[in-house]
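*Asks:* Handing over query00.json, JSON, C-alpha atoms and all ligand atoms.
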[["chain", "number", "residue", "atom", "x", "y", "z"],
["A", 1, "MET", "CA", -23.19, 34.51, -166.01],
["A", 2, "THR", "CA", -21.21, 32.77, -163.30],
["A", 3, "THR", "CA", -19.36, 29.59, -164.15],
["A", 4, "VAL", "CA", -18.44, 26.74, -161.87],
["A", 5, "ALA", "CA", -14.84, 25.60, -161.69],
["A", 6, "ALA", "CA", -14.81, 22.11, -163.22],
["A", 7, "HIS", "CA", -13.64, 19.33, -160.94],
["A", 8, "ALA", "CA", -10.32, 17.99, -162.23],
["A", 9, "ALA", "CA", -11.81, 14.55, -162.81],
["A", 10, "PRO", "CA", -15.26, 13.19, -162.21],
["A", 11, "ILE", "CA", -15.33, 11.40, -158.87],
["A", 12, "GLY", "CA", -17.89, 8.80, -157.95],
["A", 13, "ARG", "CA", -20.22, 9.34, -155.00],
["A", 14, "ALA", "CA", -18.57, 6.74, -152.79],
["A", 15, "ASN", "CA", -15.18, 8.31, -153.42],
["A", 16, "ALA", "CA", -16.54, 11.78, -152.93],
["A", 17, "ARG", "CA", -17.93, 10.71, -149.57],
["A", 18, "SER", "CA", -14.77, 9.11, -148.30],
["A", 19, "LEU", "CA", -12.53, 11.98, -149.47],
["A", 20, "TYR", "CA", -14.27, 14.88, -147.78],
["A", 21, "ASP", "CA", -13.79, 15.99, -144.18],
["A", 22, "SER", "CA", -16.92, 17.59, -142.71],
["A", 23, "HIS", "CA", -14.74, 19.58, -140.29],
["A", 24, "ASP", "CA", -13.48, 21.67, -143.21],
["A", 25, "LEU", "CA", -17.00, 22.54, -144.31],
["A", 26, "TYR", "CA", -18.74, 23.60, -141.09],
["A", 27, "ARG", "CA", -17.80, 25.78, -138.15],
["A", 28, "TYR", "CA", -19.38, 25.78, -134.72],
["A", 29, "ASP", "CA", -18.37, 28.97, -132.97],
["A", 30, "ARG", "CA", -21.32, 31.18, -133.94],
["A", 31, "THR", "CA", -24.91, 30.37, -133.03],
["A", 32, "ALA", "CA", -28.04, 31.94, -134.54],
["A", 33, "PRO", "CA", -30.35, 33.80, -132.14],
["A", 34, "LEU", "CA", -33.51, 31.88, -131.18],
["A", 35, "LEU", "CA", -36.77, 33.81, -130.89],
["A", 36, "PRO", "CA", -38.81, 32.55, -127.89],
["A", 37, "GLY", "CA", -42.01, 31.93, -129.87],
["A", 38, "PRO", "CA", -44.15, 32.88, -132.87],
["A", 39, "ASP", "CA", -45.38, 36.07, -131.12],
["A", 40, "ALA", "CA", -41.82, 37.37, -131.22],
["A", 41, "VAL", "CA", -41.91, 37.51, -135.03],
["A", 42, "ASP", "CA", -42.45, 41.26, -135.15],
["A", 43, "ALA", "CA", -41.28, 44.00, -137.54],
["A", 44, "ALA", "CA", -37.68, 43.73, -136.29],
["A", 45, "ALA", "CA", -37.69, 39.95, -136.81],
["A", 46, "ARG", "CA", -39.06, 40.42, -140.31],
["A", 47, "GLU", "CA", -36.22, 42.83, -141.03],
["A", 48, "ALA", "CA", -33.76, 40.23, -139.75],
["A", 49, "PHE", "CA", -35.41, 37.66, -142.02],
["A", 50, "ALA", "CA", -35.03, 39.97, -145.04],
["A", 51, "ARG", "CA", -31.38, 40.59, -144.15],
["A", 52, "ASP", "CA", -30.26, 37.08, -143.12],
["A", 53, "GLY", "CA", -32.65, 34.86, -145.09],
["A", 54, "PHE", "CA", -33.81, 32.88, -142.06],
["A", 55, "LEU", "CA", -35.31, 33.00, -138.57],
["A", 56, "ALA", "CA", -35.09, 30.43, -135.77],
["A", 57, "VAL", "CA", -38.23, 30.37, -133.63],
["A", 58, "ALA", "CA", -38.95, 28.19, -130.56],
["A", 59, "ASN", "CA", -42.40, 26.81, -129.65],
["A", 60, "VAL", "CA", -43.91, 26.78, -133.12],
["A", 61, "LEU", "CA", -45.37, 23.36, -132.25],
["A", 62, "THR", "CA", -46.66, 22.35, -128.84],
["A", 63, "PRO", "CA", -45.12, 19.33, -127.06],
["A", 64, "ASP", "CA", -48.31, 17.36, -127.90],
["A", 65, "GLU", "CA", -47.97, 18.20, -131.60],
["A", 66, "VAL", "CA", -44.31, 17.14, -131.53],
["A", 67, "ALA", "CA", -45.26, 13.83, -129.90],
["A", 68, "GLU", "CA", -48.03, 13.23, -132.45],
["A", 69, "ALA", "CA", -45.87, 14.09, -135.46],
["A", 70, "THR", "CA", -43.13, 11.81, -134.11],
["A", 71, "GLN", "CA", -45.60, 8.95, -133.65],
["A", 72, "GLY", "CA", -46.93, 9.59, -137.16],
["A", 73, "LEU", "CA", -43.44, 9.22, -138.62],
["A", 74, "ASP", "CA", -42.79, 6.11, -136.55],
["A", 75, "ASP", "CA", -46.01, 4.60, -137.97],
["A", 76, "LEU", "CA", -44.87, 5.40, -141.52],
["A", 77, "LEU", "CA", -41.43, 3.91, -140.90],
["A", 78, "HIS", "CA", -42.89, 0.70, -139.51],
["A", 79, "ALA", "CA", -45.48, 0.40, -142.32],
["A", 80, "ARG", "CA", -48.40, 0.73, -139.90],
["A", 81, "LEU", "CA", -50.24, 3.06, -142.32],
["A", 82, "PRO", "CA", -51.58, 0.94, -145.15],
["A", 83, "GLY", "CA", -51.67, 2.60, -148.53],
["A", 84, "TYR", "CA", -48.69, 4.93, -147.96],
["A", 85, "GLU", "CA", -47.20, 5.41, -151.40],
["A", 86, "GLY", "CA", -44.42, 7.85, -150.58],
["A", 87, "ILE", "CA", -40.76, 7.00, -150.35],
["A", 88, "LEU", "CA", -38.42, 5.89, -147.58],
["A", 89, "GLN", "CA", -34.89, 6.88, -148.59],
["A", 90, "PRO", "CA", -32.14, 4.84, -146.95],
["A", 91, "GLU", "CA", -28.89, 6.11, -145.54],
["A", 92, "TYR", "CA", -26.32, 5.88, -148.33],
["A", 93, "GLU", "CA", -24.46, 2.81, -147.02],
["A", 94, "TYR", "CA", -27.71, 0.79, -146.77],
["A", 95, "ARG", "CA", -28.86, 1.31, -150.38],
["A", 96, "GLU", "CA", -27.66, -2.02, -151.72],
["A", 97, "ARG", "CA", -28.89, -4.12, -148.81],
["A", 98, "TRP", "CA", -32.22, -2.26, -148.58],
["A", 99, "PRO", "CA", -34.46, -4.76, -150.42],
["A", 100, "GLU", "CA", -33.41, -7.58, -148.05],
["A", 101, "MET", "CA", -33.73, -5.57, -144.84],
["A", 102, "SER", "CA", -36.61, -6.07, -142.38],
["A", 103, "GLN", "CA", -39.03, -3.20, -141.73],
["A", 104, "ALA", "CA", -37.45, -2.61, -138.29],
["A", 105, "GLU", "CA", -33.97, -2.46, -139.84],
["A", 106, "LYS", "CA", -35.23, -0.05, -142.48],
["A", 107, "ALA", "CA", -36.84, 2.14, -139.83],
["A", 108, "ALA", "CA", -33.48, 2.47, -138.10],
["A", 109, "ALA", "CA", -31.57, 3.27, -141.30],
["A", 110, "THR", "CA", -33.94, 5.72, -143.05],
["A", 111, "ARG", "CA", -32.55, 9.16, -143.92],
["A", 112, "LYS", "CA", -35.65, 10.69, -145.54],
["A", 113, "VAL", "CA", -39.39, 10.07, -145.69],
["A", 114, "TRP", "CA", -41.10, 11.72, -148.67],
["A", 115, "ARG", "CA", -44.66, 12.68, -149.58],
["A", 116, "PHE", "CA", -46.60, 11.57, -146.50],
["A", 117, "VAL", "CA", -49.08, 14.39, -145.86],
["A", 118, "ASP", "CA", -51.81, 12.68, -147.89],
["A", 119, "TYR", "CA", -51.48, 9.54, -145.73],
["A", 120, "GLU", "CA", -50.50, 10.71, -142.24],
["A", 121, "PRO", "CA", -53.05, 13.02, -140.61],
["A", 122, "ARG", "CA", -50.98, 14.19, -137.62],
["A", 123, "ASN", "CA", -48.24, 15.59, -139.86],
["A", 124, "ARG", "CA", -50.80, 16.86, -142.38],
["A", 125, "ARG", "CA", -52.37, 19.03, -139.65],
["A", 126, "ILE", "CA", -48.99, 20.69, -139.20],
["A", 127, "ALA", "CA", -48.17, 21.06, -142.89],
["A", 128, "ILE", "CA", -51.52, 22.41, -144.09],
["A", 129, "GLY", "CA", -53.77, 24.89, -142.32],
["A", 130, "HIS", "CA", -51.85, 25.01, -139.02],
["A", 131, "PRO", "CA", -52.89, 28.42, -137.65],
["A", 132, "VAL", "CA", -49.51, 29.33, -136.09],
["A", 133, "LEU", "CA", -47.41, 28.12, -138.98],
["A", 134, "GLU", "CA", -49.71, 29.57, -141.62],
["A", 135, "GLY", "CA", -49.59, 32.94, -139.84],
["A", 136, "LEU", "CA", -45.78, 32.93, -139.84],
["A", 137, "ILE", "CA", -45.56, 31.90, -143.49],
["A", 138, "THR", "CA", -47.95, 34.64, -144.62],
["A", 139, "LYS", "CA", -46.09, 37.20, -142.52],
["A", 140, "LEU", "CA", -42.70, 36.31, -144.01],
["A", 141, "LEU", "CA", -43.80, 35.88, -147.64],
["A", 142, "GLY", "CA", -46.22, 38.80, -147.53],
["A", 143, "GLU", "CA", -49.01, 36.75, -149.10],
["A", 144, "PRO", "CA", -50.75, 33.38, -148.71],
["A", 145, "ALA", "CA", -48.86, 30.30, -149.87],
["A", 146, "HIS", "CA", -49.41, 26.63, -150.64],
["A", 147, "LEU", "CA", -47.47, 23.48, -149.81],
["A", 148, "ILE", "CA", -45.18, 22.27, -152.62],
["A", 149, "GLN", "CA", -43.10, 19.65, -150.80],
["A", 150, "ASP", "CA", -43.20, 17.59, -147.61],
["A", 151, "MET", "CA", -40.43, 15.44, -146.22],
["A", 152, "ALA", "CA", -39.04, 14.18, -142.95],
["A", 153, "LEU", "CA", -35.30, 14.39, -142.46],
["A", 154, "LEU", "CA", -34.04, 11.75, -140.08],
["A", 155, "LYS", "CA", -30.51, 11.38, -138.80],
["A", 156, "PRO", "CA", -30.12, 8.09, -137.00],
["A", 157, "PRO", "CA", -27.48, 8.01, -134.23],
["A", 158, "HIS", "CA", -23.89, 7.65, -135.53],
["A", 159, "ILE", "CA", -24.87, 7.02, -139.18],
["A", 160, "GLY", "CA", -27.02, 10.07, -140.03],
["A", 161, "SER", "CA", -25.37, 11.53, -143.11],
["A", 162, "GLU", "CA", -24.42, 15.03, -144.17],
["A", 163, "LYS", "CA", -26.65, 17.15, -146.40],
["A", 164, "PRO", "CA", -24.07, 19.24, -148.25],
["A", 165, "TRP", "CA", -24.51, 23.02, -148.62],
["A", 166, "HIS", "CA", -27.20, 23.88, -151.16],
["A", 167, "GLN", "CA", -30.12, 26.14, -152.02],
["A", 168, "ASP", "CA", -33.52, 24.45, -151.88],
["A", 169, "ALA", "CA", -34.69, 26.43, -154.92],
["A", 170, "ALA", "CA", -32.34, 24.27, -157.01],
["A", 171, "TYR", "CA", -34.82, 21.44, -156.36],
["A", 172, "PHE", "CA", -38.06, 23.26, -157.22],
["A", 173, "GLY", "CA", -39.67, 24.18, -160.51],
["A", 174, "TRP", "CA", -41.37, 27.28, -159.08],
["A", 175, "TYR", "CA", -40.63, 30.93, -159.81],
["A", 176, "PRO", "CA", -39.61, 33.36, -158.41],
["A", 177, "PRO", "CA", -37.41, 31.52, -155.89],
["A", 178, "GLU", "CA", -37.53, 34.53, -153.57],
["A", 179, "LYS", "CA", -41.18, 33.65, -152.95],
["A", 180, "ILE", "CA", -40.54, 30.08, -151.76],
["A", 181, "LEU", "CA", -40.18, 29.48, -148.04],
["A", 182, "GLY", "CA", -38.81, 26.41, -146.25],
["A", 183, "VAL", "CA", -39.91, 25.45, -142.73],
["A", 184, "TRP", "CA", -37.66, 22.96, -140.93],
["A", 185, "ILE", "CA", -39.15, 21.79, -137.63],
["A", 186, "ALA", "CA", -37.18, 19.89, -135.00],
["A", 187, "LEU", "CA", -38.93, 16.88, -133.46],
["A", 188, "ASP", "CA", -35.89, 15.95, -131.35],
["A", 189, "PRO", "CA", -33.38, 18.42, -129.90],
["A", 190, "ALA", "CA", -31.35, 19.46, -132.96],
["A", 191, "THR", "CA", -27.81, 20.14, -131.75],
["A", 192, "PRO", "CA", -24.37, 20.85, -133.22],
["A", 193, "GLU", "CA", -23.42, 17.28, -132.22],
["A", 194, "ASN", "CA", -26.28, 15.46, -133.98],
["A", 195, "GLY", "CA", -26.24, 17.42, -137.22],
["A", 196, "CYS", "CA", -28.50, 20.46, -136.81],
["A", 197, "MET", "CA", -28.91, 23.11, -139.50],
["A", 198, "HIS", "CA", -26.11, 25.49, -140.49],
["A", 199, "ALA", "CA", -26.71, 28.60, -142.58],
["A", 200, "ILE", "CA", -24.76, 31.41, -144.17],
["A", 201, "PRO", "CA", -26.66, 34.60, -143.39],
["A", 202, "GLY", "CA", -27.45, 36.87, -146.33],
["A", 203, "THR", "CA", -26.59, 34.38, -149.10],
["A", 204, "HIS", "CA", -30.21, 34.39, -150.33],
["A", 205, "ARG", "CA", -29.62, 37.95, -151.56],
["A", 206, "SER", "CA", -27.10, 36.75, -154.18],
["A", 207, "GLY", "CA", -29.79, 34.83, -156.06],
["A", 208, "PRO", "CA", -29.64, 31.36, -157.64],
["A", 209, "ALA", "CA", -26.19, 29.72, -157.74],
["A", 210, "PRO", "CA", -24.99, 26.83, -159.93],
["A", 211, "HIS", "CA", -25.17, 23.41, -158.28],
["A", 212, "VAL", "CA", -23.05, 20.35, -159.02],
["A", 213, "HIS", "CA", -23.44, 16.64, -158.26],
["A", 214, "VAL", "CA", -20.67, 15.51, -155.93],
["A", 215, "ARG", "CA", -21.82, 13.92, -152.65],
["A", 216, "ASP", "CA", -25.35, 15.07, -153.53],
["A", 217, "CYS", "CA", -26.80, 17.89, -155.60],
["A", 218, "GLN", "CA", -24.99, 20.74, -153.88],
["A", 219, "LEU", "CA", -23.07, 23.98, -154.09],
["A", 220, "PRO", "CA", -19.44, 23.27, -155.03],
["A", 221, "ASP", "CA", -17.60, 22.92, -151.67],
["A", 222, "GLU", "CA", -15.01, 25.49, -152.72],
["A", 223, "ARG", "CA", -17.75, 28.09, -153.23],
["A", 224, "VAL", "CA", -19.20, 27.84, -149.73],
["A", 225, "ALA", "CA", -18.37, 30.80, -147.46],
["A", 226, "VAL", "CA", -17.61, 28.48, -144.52],
["A", 227, "ASP", "CA", -16.04, 31.37, -142.58],
["A", 228, "GLN", "CA", -19.53, 32.89, -142.27],
["A", 229, "ASP", "CA", -21.28, 29.69, -141.15],
["A", 230, "VAL", "CA", -23.78, 30.05, -138.28],
["A", 231, "VAL", "CA", -25.10, 27.01, -136.35],
["A", 232, "VAL", "CA", -28.88, 26.85, -135.87],
["A", 233, "PRO", "CA", -29.67, 24.50, -132.95],
["A", 234, "LEU", "CA", -33.36, 24.07, -132.13],
["A", 235, "PRO", "CA", -35.42, 22.54, -129.32],
["A", 236, "PRO", "CA", -38.23, 20.12, -130.25],
["A", 237, "GLY", "CA", -41.10, 22.15, -131.71],
["A", 238, "GLY", "CA", -38.72, 24.93, -132.77],
["A", 239, "ALA", "CA", -38.56, 25.88, -136.44],
["A", 240, "MET", "CA", -36.14, 27.44, -138.85],
["A", 241, "LEU", "CA", -38.03, 29.44, -141.49],
["A", 242, "PHE", "CA", -35.80, 30.18, -144.45],
["A", 243, "SER", "CA", -35.58, 31.49, -147.97],
["A", 244, "ALA", "CA", -35.26, 28.82, -150.68],
["A", 245, "LEU", "CA", -32.17, 30.74, -151.84],
["A", 246, "LEU", "CA", -30.33, 30.54, -148.49],
["A", 247, "HIS", "CA", -27.09, 28.54, -148.52],
["A", 248, "HIS", "CA", -27.58, 25.89, -145.82],
["A", 249, "GLY", "CA", -26.49, 22.37, -144.97],
["A", 250, "THR", "CA", -26.23, 19.84, -142.15],
["A", 251, "PRO", "CA", -23.11, 17.90, -141.08],
["A", 252, "PRO", "CA", -23.28, 14.18, -140.24],
["A", 253, "ASN", "CA", -24.66, 12.89, -136.95],
["A", 254, "GLN", "CA", -21.66, 11.42, -135.18],
["A", 255, "SER", "CA", -23.43, 11.38, -131.80],
["A", 256, "PRO", "CA", -25.51, 8.69, -130.03],
["A", 257, "ALA", "CA", -28.60, 10.98, -130.19],
["A", 258, "ARG", "CA", -31.29, 10.65, -132.87],
["A", 259, "ARG", "CA", -32.17, 13.79, -134.85],
["A", 260, "TRP", "CA", -35.62, 13.83, -136.49],
["A", 261, "ALA", "CA", -37.15, 16.81, -138.26],
["A", 262, "VAL", "CA", -39.92, 17.54, -140.73],
["A", 263, "GLN", "CA", -39.49, 20.04, -143.54],
["A", 264, "PHE", "CA", -42.23, 21.69, -145.56],
["A", 265, "HIS", "CA", -41.86, 24.09, -148.49],
["A", 266, "TYR", "CA", -44.42, 26.69, -149.51],
["A", 267, "ALA", "CA", -44.73, 28.71, -152.71],
["A", 268, "ALA", "CA", -46.47, 32.08, -152.51],
["A", 269, "ALA", "CA", -49.77, 32.38, -154.38],
["A", 270, "SER", "CA", -48.04, 34.62, -156.93],
["A", 271, "CYS", "CA", -45.47, 31.93, -157.89],
["A", 272, "ARG", "CA", -45.76, 30.06, -161.17],
["A", 273, "GLU", "CA", -44.38, 26.72, -162.27],
["A", 274, "ILE", "CA", -41.46, 26.90, -164.69],
["A", 275, "THR", "CA", -40.11, 24.53, -167.32],
["A", 276, "ARG", "CA", -36.92, 22.55, -166.89],
["A", 277, "ARG", "CA", -35.22, 24.82, -169.39],
["A", 278, "GLU", "CA", -36.20, 27.92, -167.44],
["A", 279, "HIS", "CA", -34.99, 26.23, -164.26],
["A", 280, "ALA", "CA", -31.72, 25.28, -165.99],
["A", 281, "ASP", "CA", -31.14, 28.93, -166.84],
["A", 282, "LEU", "CA", -31.05, 29.63, -163.12],
["A", 283, "PHE", "CA", -28.95, 26.67, -161.94],
["A", 284, "PHE", "CA", -26.65, 25.93, -164.88],
["A", 285, "GLU", "CA", -23.08, 24.70, -165.07],
["A", 286, "GLY", "CA", -21.37, 25.79, -168.27],
["A", 287, "ASP", "CA", -23.92, 24.96, -170.95],
["A", 288, "ARG", "CA", -25.16, 21.93, -169.01],
["A", 289, "TYR", "CA", -27.98, 21.54, -166.55],
["A", 290, "ALA", "CA", -26.66, 20.96, -163.04],
["A", 291, "GLY", "CA", -29.88, 21.53, -161.16],
["A", 292, "CYS", "CA", -31.27, 18.99, -158.73],
["A", 293, "ARG", "CA", -34.38, 17.96, -160.67],
["A", 294, "GLY", "CA", -33.05, 15.24, -162.98],
["A", 295, "GLY", "CA", -31.57, 15.73, -166.44],
["A", 296, "THR", "CA", -28.19, 16.63, -164.91],
["A", 297, "GLY", "CA", -25.45, 17.08, -167.48],
["A", 298, "THR", "CA", -27.85, 17.41, -170.38],
["A", 299, "PRO", "CA", -26.84, 20.24, -172.73],
["A", 300, "LEU", "CA", -29.30, 23.11, -172.35],
["A", 301, "ALA", "CA", -30.42, 22.91, -175.96],
["A", 302, "GLU", "CA", -31.41, 19.25, -175.51],
["A", 303, "LEU", "CA", -33.48, 19.70, -172.36],
["A", 304, "GLU", "CA", -37.18, 19.19, -172.70],
["A", 305, "PRO", "CA", -38.82, 22.60, -172.60],
["B", 1, "LIG", "O1", -32.16, 18.02, -142.22],
["B", 1, "LIG", "C1", -31.26, 17.79, -142.99],
["B", 1, "LIG", "O2", -30.39, 16.99, -142.71],
["B", 1, "LIG", "C2", -31.11, 18.51, -144.30],
["B", 1, "LIG", "C3", -32.19, 19.44, -144.55],
["B", 1, "LIG", "C4", -32.04, 20.20, -145.82],
["B", 1, "LIG", "O3", -31.31, 21.13, -145.87],
["B", 1, "LIG", "C5", -32.79, 19.83, -147.00],
["B", 1, "LIG", "O4", -33.20, 18.68, -147.17],
["B", 1, "LIG", "O5", -33.01, 20.71, -147.84]]
Rewrite the coordinates I just gave you, this time as structure tokens.
*Replies:*
Amino acid sequence: MTTVAAHAAPIGRANARSLYDSHDLYRYDRTAPLLPGPDAVDAAAREAFARDGFLAVANVLTPDEVAEATQGLDDLLHARLPGYEGILQPEYEYRERWPEMSQAEKAAATRKVWRFVDYEPRNRRIAIGHPVLEGLITKLLGEPAHLIQDMALLKPPHIGSEKPWHQDAAYFGWYPPEKILGVWIALDPATPENGCMHAIPGTHRSGPAPHVHVRDCQLPDERVAVDQDVVVPLPPGGAMLFSALLHHGTPPNQSPARRWAVQFHYAAASCREITRREHADLFFEGDRYAGCRGGTGTPLAELEP
């Protein structure tokens, strides 16, 4: 069993945010190759996926689909879709003021939109039953799969915050994690300047790693192999398809350009749901649960099965 070096003293989130320097955690001098389109996902690309844990592919969505998905998100953000019961998650610094903010102010300060595919048909058509995407997912997982999570990841100009390095499997109660695939689709140009994806090739092959709660639920900063970081810029409609065990993260958006993306996760048909205790066995810290699904810090023996 691996153990995580304990932080000298617990630090609050606000402190944790102001103390870190994103320049120490990301590098920008290596860029992932971009396949020109879904047809280029051949046997060699599948080998690269097995080796690196991700593929970057252009033209997964058409320009019309990108425009429709973008409009769909804009409608959600401006509450034009009655009955939407998902979640708008504010940028960190707006959390306290959020209840008093107008809808337009909220739309400009939202970091994440959760659980919208049952309410927003344009994004649903992409997430479920999209012929191109479904073909890619089946090819990479080796079997059919079903949607287990939908979210939009927005980085407003200047304030879009970092998503620290992590493995997505730390957030999911599905097993085995090797059979969960993430699809991150750019709706705006995703660039090194506005906080595009970064990944550490091959990290998915080391299996589940303990996560801690510092700026977010994340890999401990000191355990990230920053020297092997690869930037994954994408044009609108381009997608990064990646293993749920891949170490990945996104630095803050310090540019004047907006960065919107949608992200869908799929579990292969052969996956099964696992209990919190089983999940804790994969993403533990000492004898305490440090996964990203709630119950953090609870001794293993006290976790609900
Ligand atoms: O798009 C982002 O900023 C972060 C995406 C990501 O890695 C995640 O939410 O799992």
*Asks:* Looking at A:Leu61, A:Ala186, A:Leu34, A:Ala301, which one is nearest to Pro131 of chain A, with distances taken over all atoms listed in the file?
*Replies:*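 Result for the nearest residue to Pro131 of chain A: A:Leu61.
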*Asks:* First collect every listed atom of ligand LIG 1 (chain B); then fit an axis-aligned box around them, widen it by 3 Å on each side, and give centre and edge lengths in Å to one decimal, as lines of an AutoDock Vina configuration file.
*Replies:*
center_x = -31.8
center_y = 19.1
center_z = -145.0
size_x = 8.8
size_y = 10.1
size_z = 11.6
*Asks:* Using all atoms listed in the file, which residues have at least one atom no more than 6 Å from ligand LIG 1 (chain B)? Output them as a list in words.
*Replies:* Leu153, Lys163, Asp168, Gly249 and Thr250 of chain A
*Asks:* Would you mind exporting the chosen residues as a PDB file, keeping the file's coordinate frame, restricted to C-alpha atoms?
*Replies:*
ATOM      1  CA  LEU A 153     -35.300  14.390-142.460  1.00  0.00           C
ATOM      2  CA  LYS A 163     -26.650  17.150-146.400  1.00  0.00           C
ATOM      3  CA  ASP A 168     -33.520  24.450-151.880  1.00  0.00           C
ATOM      4  CA  GLY A 249     -26.490  22.370-144.970  1.00  0.00           C
ATOM      5  CA  THR A 250     -26.230  19.840-142.150  1.00  0.00           C
TER       6      THR A 250
END
*Asks:* In Å to one decimal, how far is atom CA of His204 of chain A from atom CA of Ile180 of chain A?
*Replies:* 11.3 Å
*Asks:* Between A:Ala199, A:Asn123, A:Trp114, A:Leu234, which is the closest to Glu85 of chain A once you count all atoms listed in the file?
*Replies:*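 Of all the options, A:Trp114 lies closest to Glu85 of chain A.
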*Asks:* Find the residues with any atom within 7 Å of (-35.2, 23.3, -149.4); use only C-alpha atoms and the coordinates as given in the file, and write the answer as a ChimeraX atom specification.
*Replies:* /A:167-169,182,244,265
*Asks:* For the residues in the current selection, export C-alpha atoms as a short mmCIF file (atom, residue, chain, number, x, y, z; two decimals), in the frame of the given file.
*Replies:*
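Now in part_0.cif:
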data_model
loop_
_atom_site.label_atom_id
_atom_site.label_comp_id
_atom_site.auth_asym_id
_atom_site.auth_seq_id
_atom_site.Cartn_x
_atom_site.Cartn_y
_atom_site.Cartn_z
CA GLN A 167 -30.12 26.14 -152.02
CA ASP A 168 -33.52 24.45 -151.88
CA ALA A 169 -34.69 26.43 -154.92
CA GLY A 182 -38.81 26.41 -146.25
CA ALA A 244 -35.26 28.82 -150.68
CA HIS A 265 -41.86 24.09 -148.49
#
*Asks:* I'd like the contact shell of Thr298 of chain A - 7 Å cut-off, all atoms listed in the file, skipping same-chain residues fewer than 4 positions apart - returned as a list of chain:residue names.
*Replies:*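 Near Thr298 of chain A, the qualifying residues are A:Arg288, A:Tyr289, A:Glu302, A:Leu303.
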*Asks:* Quick one: residues within 9 Å of segment 49-55 of chain A, all atoms listed in the file, excluding same-chain residues fewer than 6 positions away - as a ChimeraX atom specification?
*Replies:* /A:32-35,41,140,199-205,239-246
*Asks:* Would you mind exporting C-alpha atoms of the selected residues as a short mmCIF file (atom, residue, chain, number, x, y, z; two decimals), in the frame of the given file?
*Replies:*
data_model
loop_
_atom_site.label_atom_id
_atom_site.label_comp_id
_atom_site.auth_asym_id
_atom_site.auth_seq_id
_atom_site.Cartn_x
_atom_site.Cartn_y
_atom_site.Cartn_z
CA ALA A 32 -28.04 31.94 -134.54
CA PRO A 33 -30.35 33.80 -132.14
CA LEU A 34 -33.51 31.88 -131.18
CA LEU A 35 -36.77 33.81 -130.89
CA VAL A 41 -41.91 37.51 -135.03
CA LEU A 140 -42.70 36.31 -144.01
CA ALA A 199 -26.71 28.60 -142.58
CA ILE A 200 -24.76 31.41 -144.17
CA PRO A 201 -26.66 34.60 -143.39
CA GLY A 202 -27.45 36.87 -146.33
CA THR A 203 -26.59 34.38 -149.10
CA HIS A 204 -30.21 34.39 -150.33
CA ARG A 205 -29.62 37.95 -151.56
CA ALA A 239 -38.56 25.88 -136.44
CA MET A 240 -36.14 27.44 -138.85
CA LEU A 241 -38.03 29.44 -141.49
CA PHE A 242 -35.80 30.18 -144.45
CA SER A 243 -35.58 31.49 -147.97
CA ALA A 244 -35.26 28.82 -150.68
CA LEU A 245 -32.17 30.74 -151.84
CA LEU A 246 -30.33 30.54 -148.49
#
*Asks:* Can I get a file of segment 66-98 of chain A from the given structure, C-alpha atoms kept, as a CSV table (one decimal), in the first residue's frame?
*Replies:*
chain,number,residue,atom,x,y,z
A,66,VAL,CA,-20.4,23.1,-31.4
A,67,ALA,CA,-22.6,26.2,-32.0
A,68,GLU,CA,-25.7,24.3,-30.8
A,69,ALA,CA,-24.0,22.9,-27.7
A,70,THR,CA,-22.7,26.4,-26.8
A,71,GLN,CA,-26.2,27.9,-27.2
A,72,GLY,CA,-27.6,25.1,-25.1
A,73,LEU,CA,-25.2,25.9,-22.3
A,74,ASP,CA,-25.9,29.6,-22.6
A,75,ASP,CA,-29.6,28.8,-22.2
A,76,LEU,CA,-28.9,26.8,-19.1
A,77,LEU,CA,-26.7,29.6,-17.6
A,78,HIS,CA,-29.4,32.2,-18.3
A,79,ALA,CA,-32.2,30.0,-16.9
A,80,ARG,CA,-34.0,29.9,-20.2
A,81,LEU,CA,-34.7,26.2,-19.8
A,82,PRO,CA,-37.5,25.8,-17.2
A,83,GLY,CA,-37.3,22.8,-15.0
A,84,TYR,CA,-33.5,22.4,-15.1
A,85,GLU,CA,-32.6,20.8,-11.8
A,86,GLY,CA,-28.9,20.4,-12.2
A,87,ILE,CA,-26.3,22.6,-10.6
A,88,LEU,CA,-24.4,25.7,-11.5
A,89,GLN,CA,-21.1,25.8,-9.6
A,90,PRO,CA,-19.6,29.3,-9.1
A,91,GLU,CA,-16.0,30.2,-9.3
A,92,TYR,CA,-14.5,29.9,-5.9
A,93,GLU,CA,-14.4,33.7,-5.1
A,94,TYR,CA,-18.1,34.1,-5.9
A,95,ARG,CA,-19.4,31.4,-3.6
A,96,GLU,CA,-20.4,33.8,-0.8
A,97,ARG,CA,-22.0,36.4,-3.0
A,98,TRP,CA,-23.8,33.8,-5.2
